[in-house]
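Here's protein_31.tsv, which has TSV, C-alpha atoms:
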```
chain	number	residue	atom	x	y	z
D	119	MET	CA	13.58	31.72	1.26
D	120	THR	CA	12.83	28.30	2.71
D	121	GLU	CA	14.48	25.31	1.04
D	122	TYR	CA	12.33	22.16	0.97
D	123	VAL	CA	13.79	18.78	0.03
D	124	ILE	CA	11.57	15.76	-0.63
D	125	ILE	CA	13.10	12.31	-0.95
D	126	GLY	CA	10.70	10.17	-3.00
D	127	ASP	CA	8.38	10.99	-5.89
D	128	GLY	CA	5.52	8.60	-5.20
D	129	ILE	CA	2.07	9.98	-4.52
D	130	SER	CA	2.97	11.18	-1.01
D	131	GLY	CA	6.13	13.03	-2.08
D	132	SER	CA	4.49	14.54	-5.13
D	133	SER	CA	1.39	15.55	-3.15
D	134	ALA	CA	3.64	17.27	-0.61
D	135	ALA	CA	5.54	19.13	-3.34
D	136	GLU	CA	2.32	20.37	-4.93
D	137	THR	CA	0.94	21.46	-1.55
D	138	ILE	CA	4.15	23.26	-0.52
D	139	ARG	CA	4.15	25.20	-3.78
D	140	GLU	CA	0.55	26.31	-3.14
D	141	GLU	CA	1.37	27.29	0.46
D	142	ASP	CA	4.77	28.87	-0.26
D	143	PRO	CA	4.99	30.29	-3.81
D	144	ASP	CA	8.59	31.44	-3.34
D	145	GLY	CA	10.21	28.50	-1.52
D	146	GLY	CA	12.81	26.32	-3.18
D	147	ILE	CA	11.59	22.73	-3.73
D	148	THR	CA	13.80	19.79	-4.70
D	149	VAL	CA	12.33	16.32	-5.30
D	150	ILE	CA	14.78	13.41	-5.39
D	151	THR	CA	13.84	9.97	-6.70
D	152	ASP	CA	15.84	6.87	-7.57
D	153	GLU	CA	13.32	5.96	-10.27
D	154	GLY	CA	13.89	6.93	-13.89
D	155	GLU	CA	10.47	8.48	-14.50
D	156	PRO	CA	8.23	10.97	-12.67
D	157	LEU	CA	5.06	10.14	-10.74
D	158	TYR	CA	2.77	7.49	-12.19
D	159	ASN	CA	-0.37	5.79	-10.96
D	160	ARG	CA	0.75	2.81	-8.90
D	161	ILE	CA	-2.84	1.54	-8.82
D	162	LEU	CA	-3.08	1.35	-12.61
D	163	ILE	CA	0.21	-0.47	-13.26
D	164	LYS	CA	-1.59	-3.74	-12.47
D	165	GLU	CA	-4.00	-3.03	-15.35
D	166	HIS	CA	-1.00	-2.52	-17.62
D	167	ALA	CA	0.46	-5.85	-16.52
D	168	LYS	CA	-2.91	-7.50	-17.21
D	169	GLY	CA	-2.72	-6.19	-20.79
D	170	LYS	CA	-5.75	-3.96	-20.27
D	171	LEU	CA	-4.11	-0.54	-20.40
D	172	PRO	CA	-1.41	1.06	-22.57
D	173	GLU	CA	1.29	3.11	-20.89
D	174	ALA	CA	-0.12	6.59	-21.56
D	175	PRO	CA	-2.90	6.85	-18.91
D	176	ILE	CA	-0.62	5.53	-16.17
D	177	SER	CA	1.77	8.48	-16.08
D	178	ILE	CA	0.45	11.29	-13.87
D	179	HIS	CA	3.18	13.92	-14.17
D	180	ASP	CA	5.68	14.56	-16.91
D	181	GLU	CA	8.86	16.53	-16.31
D	182	GLU	CA	7.18	19.71	-17.53
D	183	TRP	CA	4.75	19.53	-14.60
D	184	TYR	CA	7.67	20.09	-12.23
D	185	GLU	CA	9.20	22.82	-14.39
D	186	GLU	CA	5.91	24.73	-14.52
D	187	ARG	CA	5.81	24.76	-10.71
D	188	ASP	CA	9.49	25.62	-10.36
D	189	ILE	CA	10.20	22.27	-8.67
D	190	ASP	CA	13.66	20.80	-9.21
D	191	LEU	CA	13.22	17.09	-10.04
D	192	SER	CA	16.24	14.81	-9.70
D	193	LEU	CA	15.63	11.41	-11.38
D	194	ASN	CA	17.85	8.31	-11.01
D	195	THR	CA	19.35	9.80	-7.85
D	196	HIS	CA	20.14	7.73	-4.78
D	197	VAL	CA	20.34	9.38	-1.38
D	198	THR	CA	23.22	7.91	0.60
D	199	ARG	CA	23.02	9.87	3.85
D	200	VAL	CA	21.06	12.56	5.67
D	201	ASP	CA	22.99	14.88	8.00
D	202	VAL	CA	20.26	16.20	10.29
D	203	ASP	CA	22.68	18.42	12.24
D	204	GLY	CA	24.03	20.15	9.16
D	205	LYS	CA	20.66	19.83	7.37
D	206	VAL	CA	22.23	18.34	4.24
D	207	VAL	CA	21.17	15.45	1.99
D	208	HIS	CA	24.04	13.53	0.37
D	209	THR	CA	23.58	11.68	-2.96
D	210	HIS	CA	25.46	8.86	-4.67
D	211	GLU	CA	27.15	11.33	-7.03
D	212	GLY	CA	28.65	13.25	-4.12
D	213	GLU	CA	26.15	16.10	-4.36
D	214	GLU	CA	25.22	17.90	-1.14
D	215	ILE	CA	21.70	19.35	-1.07
D	216	PRO	CA	20.93	21.67	1.85
D	217	TYR	CA	17.43	21.88	3.32
D	218	ASP	CA	15.43	23.85	5.85
D	219	LYS	CA	12.57	21.32	5.85
D	220	LEU	CA	12.95	17.67	4.79
D	221	LEU	CA	10.31	15.09	3.85
D	222	ILE	CA	11.14	11.39	3.64
D	223	ALA	CA	8.70	9.60	1.34
D	224	THR	CA	10.82	6.75	0.01
D	225	GLY	CA	8.30	3.94	0.56
D	226	GLY	CA	9.62	0.42	0.37
D	227	THR	CA	11.16	-2.21	-1.84
D	228	PRO	CA	9.47	-5.61	-2.27
D	229	THR	CA	10.94	-8.16	0.10
D	230	GLN	CA	12.81	-11.03	-1.56
D	231	LEU	CA	12.00	-14.55	-0.43
D	232	PRO	CA	14.88	-15.82	1.73
D	233	VAL	CA	15.13	-19.14	-0.14
D	234	PRO	CA	17.58	-20.64	-2.66
D	235	GLY	CA	16.98	-19.52	-6.23
D	236	SER	CA	14.95	-16.44	-5.32
D	237	ASP	CA	17.19	-14.17	-7.38
D	238	ALA	CA	16.69	-16.17	-10.60
D	239	ASP	CA	15.52	-14.63	-13.86
D	240	GLY	CA	11.76	-14.87	-14.22
D	241	ILE	CA	11.01	-14.12	-10.55
D	242	HIS	CA	9.06	-10.88	-10.45
D	243	HIS	CA	8.08	-8.39	-7.78
D	244	PHE	CA	5.24	-5.96	-8.36
D	245	TRP	CA	5.97	-2.42	-7.27
D	246	THR	CA	7.24	-0.10	-9.98
D	247	PHE	CA	6.05	0.73	-13.47
D	248	GLN	CA	9.16	-1.04	-14.74
D	249	ASP	CA	8.12	-4.15	-12.78
D	250	ALA	CA	4.70	-4.05	-14.45
D	251	ARG	CA	6.26	-3.90	-17.92
D	252	GLY	CA	8.38	-6.98	-17.14
D	253	ILE	CA	5.43	-8.91	-15.71
D	254	ARG	CA	3.28	-8.12	-18.72
D	255	GLU	CA	5.98	-9.36	-21.09
D	256	ALA	CA	6.49	-12.53	-19.04
D	257	ALA	CA	2.76	-13.26	-18.87
D	258	GLU	CA	2.23	-12.69	-22.59
D	259	ASN	CA	4.88	-15.30	-23.40
D	260	SER	CA	4.12	-18.05	-20.90
D	261	GLU	CA	1.71	-20.85	-20.08
D	262	GLU	CA	2.09	-21.42	-16.34
D	263	ALA	CA	3.12	-19.36	-13.34
D	264	VAL	CA	3.40	-19.53	-9.57
D	265	VAL	CA	2.27	-16.78	-7.19
D	266	ILE	CA	3.56	-16.45	-3.62
D	267	GLY	CA	2.20	-14.06	-0.98
D	268	ALA	CA	-1.34	-14.41	0.38
D	269	GLY	CA	-2.16	-10.72	0.70
D	270	LEU	CA	-3.41	-7.66	-1.15
D	271	LEU	CA	-0.38	-7.40	-3.44
D	272	GLY	CA	-0.19	-11.10	-4.26
D	273	ILE	CA	-3.69	-11.18	-5.63
D	274	ASP	CA	-2.63	-8.74	-8.36
D	275	PHE	CA	-0.32	-11.45	-9.71
D	276	ALA	CA	-3.24	-13.89	-9.73
D	277	ALA	CA	-5.27	-11.36	-11.70
D	278	VAL	CA	-2.48	-10.96	-14.26
D	279	CYS	CA	-2.48	-14.72	-14.77
D	280	GLY	CA	-6.24	-14.70	-15.26
D	281	ALA	CA	-6.22	-11.77	-17.71
D	282	GLN	CA	-3.31	-13.14	-19.75
D	283	GLY	CA	-4.60	-16.73	-19.91
D	284	VAL	CA	-1.78	-18.11	-17.77
D	285	SER	CA	-2.47	-21.20	-15.68
D	286	GLY	CA	-1.47	-20.24	-12.14
D	287	LYS	CA	-0.81	-21.88	-8.79
D	288	TYR	CA	-1.18	-19.54	-5.80
D	289	LEU	CA	0.97	-20.91	-2.96
D	290	MET	CA	-0.19	-19.79	0.49
D	291	ARG	CA	1.44	-20.58	3.83
D	292	GLY	CA	-1.85	-20.64	5.76
D	293	ASP	CA	-5.29	-22.12	5.17
D	294	ARG	CA	-6.72	-19.09	3.34
D	295	TRP	CA	-5.97	-15.86	1.52
D	296	TRP	CA	-5.36	-12.78	3.77
D	297	ARG	CA	-6.02	-14.81	6.88
D	298	TYR	CA	-5.41	-11.85	9.21
D	299	ALA	CA	-8.50	-10.04	7.92
D	300	LEU	CA	-10.82	-12.73	6.52
D	301	SER	CA	-12.47	-15.76	8.07
D	302	SER	CA	-12.57	-18.94	6.01
D	303	GLU	CA	-16.11	-18.10	4.81
D	304	GLY	CA	-15.11	-14.75	3.34
D	305	ALA	CA	-11.81	-16.04	1.99
D	306	GLU	CA	-13.55	-18.85	0.13
D	307	ILE	CA	-15.39	-16.28	-2.01
D	308	MET	CA	-12.00	-14.92	-3.03
D	309	HIS	CA	-10.66	-18.44	-3.66
D	310	GLU	CA	-13.58	-19.10	-6.01
D	311	GLY	CA	-12.83	-15.85	-7.82
D	312	MET	CA	-9.26	-17.03	-8.35
D	313	ARG	CA	-10.36	-20.45	-9.60
D	314	GLU	CA	-12.74	-18.87	-12.09
D	315	VAL	CA	-9.85	-17.02	-13.74
D	316	GLY	CA	-7.67	-20.15	-13.85
D	317	VAL	CA	-5.60	-19.69	-10.69
D	318	GLU	CA	-5.68	-22.52	-8.16
D	319	PRO	CA	-5.02	-21.66	-4.50
D	320	VAL	CA	-2.71	-24.14	-2.76
D	321	PHE	CA	-2.96	-23.96	1.03
D	322	ASP	CA	-0.43	-24.79	3.77
D	323	SER	CA	2.25	-24.40	1.13
D	324	GLY	CA	4.82	-21.71	0.32
D	325	VAL	CA	8.30	-22.01	-1.16
D	326	ASP	CA	11.24	-24.00	0.16
D	327	HIS	CA	13.35	-23.28	-2.93
D	328	PHE	CA	13.15	-22.47	-6.62
D	329	GLU	CA	14.56	-24.73	-9.32
D	330	VAL	CA	16.65	-22.86	-11.87
D	331	ASP	CA	17.92	-23.96	-15.30
D	332	ASP	CA	21.44	-23.59	-16.67
D	333	ASP	CA	20.58	-20.14	-18.05
D	334	GLY	CA	19.61	-18.92	-14.60
D	335	HIS	CA	15.87	-18.87	-15.30
D	336	VAL	CA	13.30	-20.20	-12.84
D	337	THR	CA	11.64	-23.48	-13.85
D	338	ALA	CA	9.71	-24.53	-10.75
D	339	ALA	CA	8.84	-23.73	-7.15
D	340	VAL	CA	9.16	-26.50	-4.59
D	341	ASP	CA	7.17	-26.08	-1.39
D	342	PRO	CA	8.13	-27.23	2.14
D	343	ASN	CA	6.02	-30.36	1.64
D	344	GLY	CA	8.21	-31.36	-1.31
D	345	ASP	CA	5.50	-30.67	-3.89
D	346	ARG	CA	6.84	-29.26	-7.15
D	347	TYR	CA	5.08	-26.61	-9.22
D	348	PRO	CA	6.58	-26.02	-12.68
D	349	CYS	CA	6.47	-22.40	-13.87
D	350	ASP	CA	7.63	-20.12	-16.66
D	351	TRP	CA	7.76	-17.26	-14.16
D	352	ALA	CA	6.93	-16.58	-10.53
D	353	GLY	CA	5.35	-13.61	-8.80
D	354	VAL	CA	6.48	-12.88	-5.23
D	355	ALA	CA	4.59	-10.44	-2.96
D	356	ILE	CA	5.47	-11.06	0.68
D	357	GLY	CA	5.65	-7.46	1.87
D	358	LEU	CA	7.87	-4.40	1.74
D	359	THR	CA	11.30	-3.65	3.12
D	360	PHE	CA	11.33	0.06	3.93
D	361	ASN	CA	13.95	2.21	2.22
D	362	THR	CA	15.70	3.71	5.24
D	363	GLU	CA	19.34	2.59	4.90
D	364	PHE	CA	20.40	6.19	4.25
D	365	LEU	CA	19.01	7.23	7.66
D	366	ARG	CA	21.51	5.24	9.71
D	367	ASP	CA	23.07	7.35	12.48
D	368	SER	CA	20.54	10.13	11.79
D	369	GLY	CA	18.73	9.71	15.11
D	370	ILE	CA	15.37	9.58	13.32
D	371	GLU	CA	13.17	7.17	15.28
D	372	GLN	CA	12.14	3.98	13.51
D	373	ASP	CA	9.89	1.10	14.49
D	374	ASN	CA	9.23	-1.02	11.40
D	375	GLY	CA	8.93	2.29	9.56
D	376	ILE	CA	9.61	5.92	10.42
D	377	VAL	CA	7.70	7.03	13.51
D	378	VAL	CA	5.75	10.28	13.07
D	379	ASP	CA	3.10	12.12	15.04
D	380	GLU	CA	-0.31	13.21	13.77
D	381	TYR	CA	1.37	16.15	11.97
D	382	MET	CA	3.71	13.81	10.02
D	383	GLN	CA	6.65	15.19	12.02
D	384	THR	CA	9.45	12.85	13.11
D	385	ASN	CA	11.28	13.11	16.44
D	386	VAL	CA	13.87	15.31	14.66
D	387	GLU	CA	12.95	18.94	14.16
D	388	ASP	CA	12.13	19.95	10.55
D	389	VAL	CA	12.15	16.35	9.35
D	390	TYR	CA	8.83	14.85	8.23
D	391	ALA	CA	7.80	11.54	6.66
D	392	ALA	CA	4.77	10.41	4.64
D	393	GLY	CA	3.40	7.39	2.82
D	394	ASP	CA	3.93	3.65	3.23
D	395	ILE	CA	7.12	4.21	5.18
D	396	THR	CA	5.40	5.90	8.13
D	397	ARG	CA	4.28	4.52	11.43
D	398	PHE	CA	1.94	7.38	12.18
D	399	PHE	CA	-0.16	8.39	15.15
D	400	ASP	CA	-3.73	7.55	14.14
D	401	VAL	CA	-5.96	10.02	15.96
D	402	LEU	CA	-9.00	7.80	15.36
D	403	LEU	CA	-7.34	4.81	17.02
D	404	GLY	CA	-5.40	6.79	19.57
D	405	GLU	CA	-2.24	4.81	18.80
D	406	GLN	CA	0.52	4.34	16.23
D	407	ALA	CA	-0.60	2.57	13.05
D	408	GLN	CA	0.46	1.80	9.49
D	409	ASN	CA	-1.35	1.91	6.20
D	410	GLY	CA	-0.36	1.21	2.62
D	411	SER	CA	-3.22	2.68	0.61
D	412	TRP	CA	-2.82	5.22	-2.19
D	413	GLY	CA	-5.41	7.61	-0.73
D	414	SER	CA	-3.78	7.56	2.68
D	415	ALA	CA	-0.32	8.25	1.21
D	416	LYS	CA	-1.66	11.15	-0.84
D	417	GLU	CA	-3.34	12.72	2.20
D	418	GLN	CA	-0.26	12.21	4.37
D	419	GLY	CA	1.80	14.03	1.74
D	420	ARG	CA	-0.68	16.89	1.64
D	421	VAL	CA	-0.76	17.22	5.45
D	422	ALA	CA	3.04	17.06	5.62
D	423	GLY	CA	3.26	19.76	2.95
D	424	VAL	CA	0.87	22.07	4.81
D	425	ASN	CA	2.78	21.63	8.06
D	426	MET	CA	6.21	22.03	6.47
D	427	ALA	CA	5.18	25.33	4.90
D	428	ALA	CA	3.43	26.61	8.05
D	429	ASP	CA	5.16	28.39	10.92
D	430	ASP	CA	3.60	25.89	13.32
D	431	GLU	CA	2.14	22.42	12.75
D	432	ALA	CA	-1.29	23.41	11.50
D	433	GLU	CA	-3.09	20.30	10.33
D	434	VAL	CA	-3.69	16.83	11.74
D	435	PHE	CA	-3.72	13.68	9.60
D	436	GLU	CA	-7.13	12.04	10.10
D	437	TRP	CA	-8.09	9.47	7.51
D	438	VAL	CA	-10.09	6.28	7.04
D	439	SER	CA	-8.27	4.41	4.30
D	440	SER	CA	-9.71	1.94	1.85
D	441	TYR	CA	-8.27	-0.55	-0.60
D	442	SER	CA	-10.33	-2.04	-3.42
D	443	ILE	CA	-9.86	-5.04	-5.70
D	444	THR	CA	-11.72	-5.13	-9.02
D	445	HIS	CA	-10.19	-8.22	-10.59
D	446	PHE	CA	-13.21	-10.51	-10.29
D	447	ASP	CA	-16.91	-10.52	-11.13
D	448	PHE	CA	-17.59	-9.09	-7.68
D	449	PRO	CA	-15.99	-6.06	-5.98
D	450	PHE	CA	-13.87	-6.23	-2.84
D	451	LEU	CA	-13.05	-3.44	-0.41
D	452	SER	CA	-11.19	-3.26	2.88
D	453	PHE	CA	-11.26	-0.13	5.00
D	454	GLY	CA	-9.55	1.15	8.12
D	455	HIS	CA	-7.49	-1.42	10.00
D	456	PRO	CA	-9.31	-4.75	9.54
D	457	THR	CA	-6.51	-6.83	11.06
D	458	ILE	CA	-6.29	-5.22	14.50
D	459	GLY	CA	-9.73	-5.82	15.99
D	460	ASP	CA	-10.34	-7.56	19.30
D	461	GLU	CA	-13.94	-8.37	18.27
D	462	HIS	CA	-15.54	-9.15	14.92
D	463	ALA	CA	-18.98	-9.45	13.36
D	464	GLU	CA	-19.57	-11.06	9.98
D	465	ARG	CA	-22.30	-12.35	7.71
D	466	LYS	CA	-22.57	-14.04	4.34
D	467	TYR	CA	-25.45	-12.79	2.17
D	468	SER	CA	-24.89	-14.81	-1.02
D	469	ASP	CA	-22.18	-16.77	-2.85
D	470	THR	CA	-20.42	-13.48	-3.64
D	471	GLU	CA	-21.58	-11.18	-0.82
D	472	TRP	CA	-19.98	-11.09	2.60
D	473	ARG	CA	-19.25	-8.50	5.27
D	474	ARG	CA	-16.91	-8.44	8.23
D	475	ILE	CA	-16.53	-5.59	10.72
D	476	ALA	CA	-13.61	-5.29	13.15
D	477	PHE	CA	-14.06	-3.60	16.53
D	478	LYS	CA	-11.54	-2.48	19.12
D	479	ASP	CA	-12.68	-1.24	22.52
D	480	GLY	CA	-16.21	-1.40	21.15
D	481	LYS	CA	-15.51	0.97	18.23
D	482	VAL	CA	-15.39	0.17	14.51
D	483	VAL	CA	-11.72	0.14	13.43
D	484	GLY	CA	-11.98	-1.50	10.02
D	485	GLY	CA	-13.65	-4.14	7.93
D	486	VAL	CA	-13.95	-6.02	4.67
D	487	LEU	CA	-16.85	-5.86	2.21
D	488	ILE	CA	-17.22	-8.36	-0.64
D	489	GLY	CA	-19.89	-8.09	-3.32
D	490	ASP	CA	-21.87	-5.20	-1.84
D	491	LEU	CA	-19.80	-2.13	-1.02
D	492	SER	CA	-22.73	0.15	-0.18
D	493	PRO	CA	-22.28	0.05	3.64
D	494	GLN	CA	-18.75	1.48	3.41
D	495	SER	CA	-19.63	5.17	3.89
D	496	LYS	CA	-21.73	4.49	6.97
D	497	LEU	CA	-19.17	2.18	8.55
D	498	LYS	CA	-16.41	4.71	7.86
D	499	GLN	CA	-18.59	7.39	9.43
D	500	LEU	CA	-18.88	5.32	12.60
D	501	MET	CA	-15.12	4.89	12.64
D	502	ARG	CA	-14.59	8.66	12.33
D	503	GLU	CA	-17.13	9.33	15.08
D	504	GLY	CA	-15.53	6.78	17.43
D	505	ARG	CA	-18.92	5.55	18.64
D	506	VAL	CA	-19.10	2.42	20.80
D	507	VAL	CA	-21.35	0.14	18.73
D	508	SER	CA	-19.99	-3.40	19.12
D	509	ASP	CA	-23.05	-4.26	21.25
D	510	GLN	CA	-25.26	-3.53	18.23
D	511	LYS	CA	-23.70	-5.84	15.65
D	512	GLU	CA	-27.08	-6.94	14.25
D	513	VAL	CA	-27.85	-3.42	13.05
D	514	LEU	CA	-24.48	-3.21	11.30
D	515	LEU	CA	-24.97	-6.61	9.64
D	516	GLU	CA	-28.39	-5.77	8.17
D	517	LYS	CA	-28.31	-5.96	4.37
D	518	THR	CA	-28.94	-2.21	4.29
D	519	VAL	CA	-27.21	-0.41	7.15
D	520	ASP	CA	-29.35	2.31	8.72
D	521	LEU	CA	-27.50	4.24	11.39
D	522	ASP	CA	-30.79	5.67	12.65
D	523	ASN	CA	-31.53	2.20	14.02
D	524	LEU	CA	-28.55	2.40	16.38
D	525	ALA	CA	-29.29	3.25	19.98
D	526	PRO	CA	-28.28	6.81	20.91
D	527	THR	CA	-24.75	7.22	22.20
D	528	GLN	CA	-24.73	7.19	25.97
D	529	GLU	CA	-23.29	10.28	27.64
D	530	GLN	CA	-20.03	9.46	29.35
```
Rewrite the structure from the file as structure tokens, please.
Amino acid sequence: MTEYVIIGDGISGSSAAETIREEDPDGGITVITDEGEPLYNRILIKEHAKGKLPEAPISIHDEEWYEERDIDLSLNTHVTRVDVDGKVVHTHEGEEIPYDKLLIATGGTPTQLPVPGSDADGIHHFWTFQDARGIREAAENSEEAVVIGAGLLGIDFAAVCGAQGVSGKYLMRGDRWWRYALSSEGAEIMHEGMREVGVEPVFDSGVDHFEVDDDGHVTAAVDPNGDRYPCDWAGVAIGLTFNTEFLRDSGIEQDNGIVVDEYMQTNVEDVYAAGDITRFFDVLLGEQAQNGSWGSAKEQGRVAGVNMAADDEAEVFEWVSSYSITHFDFPFLSFGHPTIGDEHAERKYSDTEWRRIAFKDGKVVGGVLIGDLSPQSKLKQLMREGRVVSDQKEVLLEKTVDLDNLAPTQEQ
């Protein structure tokens, strides 16, 4: 009987466990998580923090789900070390769990701002269900807040402020929100969305330090320009620090994440990784890449599960990810890898409609759609096909994208 151990019970770890059980009905499966509750919907916790959703719909699996599938779930358990030679996982309670196949799906922990006062009460990070509960409580009992982190996670804090009637200041280091993927024209649509819900973007700002009262609670953020922004609480979203401390001396290759091939296999035999923590070989790009979307993590877990249960690596991870934001009166969607292009094409269609497509080596590698999401399936199709189309930007910027209007692909 094969013993499978999965470290992490997010969507990638859980997806792998479910897949392994389907592929190997008799194998032993152990899932280890340092959280105190089983899998929940990380996408929906923001709606809970906004006061829009009760807790019930957010949980995906209860403990019975694991029991029914004969999966051993270990909650509140910290892995301290992995012995890849002896094939043993060590936990904080001194337990030794042997494995034949191991999956690392531990994701990350929100990065703390390296400034004075950043560990004060009232400074929130947005990652776990428990985080969302704390943010909701803070927002329901406050009048003003500060948000730091001009990216996809930071905007969730802005949305919480808007939904809970909190006056917010959104401090950004650059001249626009998500400046690596949006031009100023596209970003301004997002800025207007923030203003309409009562959150004011503050550019070329950031945090030099937090002011803290005698009780240890945050009272204000002071930016590098010396401007002071009073707050009842602060939301910080400046990225993730990957949970890999327990892998020291394991020999598992890392490069700002765990390096895996297209089969989710690490450089160490019988050790796989999936989810946010991976730096995976993207077969569409032909190079290593990273991605933090829920759909991508779920698919990586499934592919890892198939390959762990197979005698040989059987399935390749091939995926065009997408990330959507539904906080404003208009929808927003990014797909693929919008920040890595060497060429771009963009167009504004109205006050709330904008499109930007990123190309690399002439091929679509990602993009951002605001207001009108209808072109997404066709643009994703082009990305999957790997067609060279950067010389036909006008066709891709038409209000309605018709791929039949593209010139035929030239034979190489």
Local residues around (-13.8, 10.9, 16.5), at most 9 Å away, using only C-alpha atoms, as a PyMOL selection string: chain D and resi 401-403+500-505
Extract, using all atoms listed in the file, all DNA, RNA and protein residues at most 8 Å from Val340 of chain D, discarding same-chain residues fewer than 5 positions from it, and format them as a list in words. Val325, Asp326, His327, Phe328, Glu329, Asp345, Arg346 and Tyr347 of chain D
Provide the atom CA of Thr396 of chain D to atom CA of Ile376 of chain D distance in Å, to one decimal place. 4.8 Å
Hey, can you check how far atom CA of Glu436 of chain D sits from atom CA of Glu380 of chain D?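 So the two atoms, atom CA of Glu436 of chain D and atom CA of Glu380 of chain D, lie 7.8 Å apart.
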Polymer residues at most 10 Å from (-4.3, 3.8, 12.3) by all atoms listed in the file, as a PyMOL selection string: chain D and resi 397-409+436-439+454-455+458+483-484
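Ranking D:Asp249, D:Glu431, D:Glu363, D:Asp394 by their shortest atom-to-atom distance to Ala415 of chain D, with all atoms listed in the file included, puts D:Asp394 first.
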Out of D:Lys481, D:Lys466, D:Lys168, D:Lys498, which residue has the shortest atom-to-atom distance to Ser302 of chain D when counting all atoms listed in the file?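 Nearest to Ser302 of chain D: D:Lys466.
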Quick one: residues within 10 Å of Phe446 of chain D, all atoms listed in the file, excluding same-chain residues fewer than 5 positions away - as a list in words?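 Listed by chain and then number, they are Ala277, Gly280, Met308, Glu310, Gly311, Met312, Glu314, Val315 and Gly489 of chain D.
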Counting all atoms listed in the file, which residues in segment 241-331 of chain D sit no more than 12 Å from segment 210-229 of chain D? For each one, give the nearest pair of atoms and the distance in Å, sorted by chain then residue number, as a Markdown table.
```
| residue | atom | partner | partner_atom | distance |
| --- | --- | --- | --- | --- |
| D:Ile241 | CA | D:Pro228 | CA | 12.0 |
| D:His242 | CA | D:Pro228 | CA | 9.7 |
| D:His243 | CA | D:Pro228 | CA | 6.3 |
| D:Phe244 | CA | D:Pro228 | CA | 7.4 |
| D:Trp245 | CA | D:Pro228 | CA | 6.9 |
| D:Thr246 | CA | D:Thr227 | CA | 9.3 |
| D:Asp249 | CA | D:Pro228 | CA | 10.7 |
| D:Ile266 | CA | D:Thr229 | CA | 11.7 |
| D:Gly267 | CA | D:Thr229 | CA | 10.6 |
| D:Leu271 | CA | D:Pro228 | CA | 10.1 |
| D:Gly272 | CA | D:Pro228 | CA | 11.3 |
```
Using all atoms listed in the file, pick whichever of D:Val434, D:Ile129, D:Ala257, D:Ile443 has the shortest atom-to-atom distance to Leu491 of chain D.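 Distance minimum relative to Leu491 of chain D lands on D:Ile443.
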Here is a test: counting all atoms listed in the file, which residue of D:His462, D:Arg420, D:Arg473, D:Arg199 is nearest to Gln510 of chain D?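 Nearest candidate to Gln510 of chain D out of D:His462, D:Arg420, D:Arg473, D:Arg199: D:His462.
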Using all atoms listed in the file, I'd like a table of the residues in segment 297-415 of chain D that come within 12 Å of segment 119-128 of chain D; for each, show the closest atom pair and its distance in Å rounded to one decimal, ordered by chain and ascending number, as JSON lines.
```
{"residue": "D:Asn361", "atom": "CA", "partner": "D:Gly126", "partner_atom": "CA", "distance": 10.1}
{"residue": "D:Thr362", "atom": "CA", "partner": "D:Ile125", "partner_atom": "CA", "distance": 10.9}
{"residue": "D:Phe364", "atom": "CA", "partner": "D:Ile125", "partner_atom": "CA", "distance": 10.9}
{"residue": "D:Leu365", "atom": "CA", "partner": "D:Ile125", "partner_atom": "CA", "distance": 11.6}
{"residue": "D:Asp388", "atom": "CA", "partner": "D:Tyr122", "partner_atom": "CA", "distance": 9.8}
{"residue": "D:Val389", "atom": "CA", "partner": "D:Val123", "partner_atom": "CA", "distance": 9.8}
{"residue": "D:Tyr390", "atom": "CA", "partner": "D:Ile124", "partner_atom": "CA", "distance": 9.3}
{"residue": "D:Ala391", "atom": "CA", "partner": "D:Ile124", "partner_atom": "CA", "distance": 9.2}
{"residue": "D:Ala392", "atom": "CA", "partner": "D:Gly126", "partner_atom": "CA", "distance": 9.7}
{"residue": "D:Gly393", "atom": "CA", "partner": "D:Gly128", "partner_atom": "CA", "distance": 8.4}
{"residue": "D:Asp394", "atom": "CA", "partner": "D:Gly128", "partner_atom": "CA", "distance": 9.9}
{"residue": "D:Ile395", "atom": "CA", "partner": "D:Gly126", "partner_atom": "CA", "distance": 10.7}
{"residue": "D:Trp412", "atom": "CA", "partner": "D:Gly128", "partner_atom": "CA", "distance": 9.5}
{"residue": "D:Gly413", "atom": "CA", "partner": "D:Gly128", "partner_atom": "CA", "distance": 11.9}
{"residue": "D:Ala415", "atom": "CA", "partner": "D:Gly128", "partner_atom": "CA", "distance": 8.7}
```
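Put simply, atom CA of Asp341 of chain D is 24.6 Å away from atom CA of Ile307 of chain D.
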Atoms are missing here; could segment 195-199 of chain D be completed with N, CA and C atoms and written as a JSON list (two decimals), in the frame of the given file?
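Saved as result.json:
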```json
[["chain", "number", "residue", "atom", "x", "y", "z"],
["D", 195, "THR", "N", 18.43, 9.28, -8.87],
["D", 195, "THR", "CA", 19.35, 9.80, -7.85],
["D", 195, "THR", "C", 19.14, 9.05, -6.54],
["D", 196, "HIS", "N", 20.21, 8.48, -6.03],
["D", 196, "HIS", "CA", 20.14, 7.73, -4.78],
["D", 196, "HIS", "C", 20.67, 8.58, -3.63],
["D", 197, "VAL", "N", 19.88, 8.69, -2.58],
["D", 197, "VAL", "CA", 20.34, 9.38, -1.38],
["D", 197, "VAL", "C", 21.16, 8.40, -0.55],
["D", 198, "THR", "N", 22.34, 8.81, -0.16],
["D", 198, "THR", "CA", 23.22, 7.91, 0.60],
["D", 198, "THR", "C", 23.24, 8.22, 2.09],
["D", 199, "ARG", "N", 22.95, 9.50, 2.43],
["D", 199, "ARG", "CA", 23.02, 9.87, 3.85],
["D", 199, "ARG", "C", 22.27, 11.17, 4.07]]
```
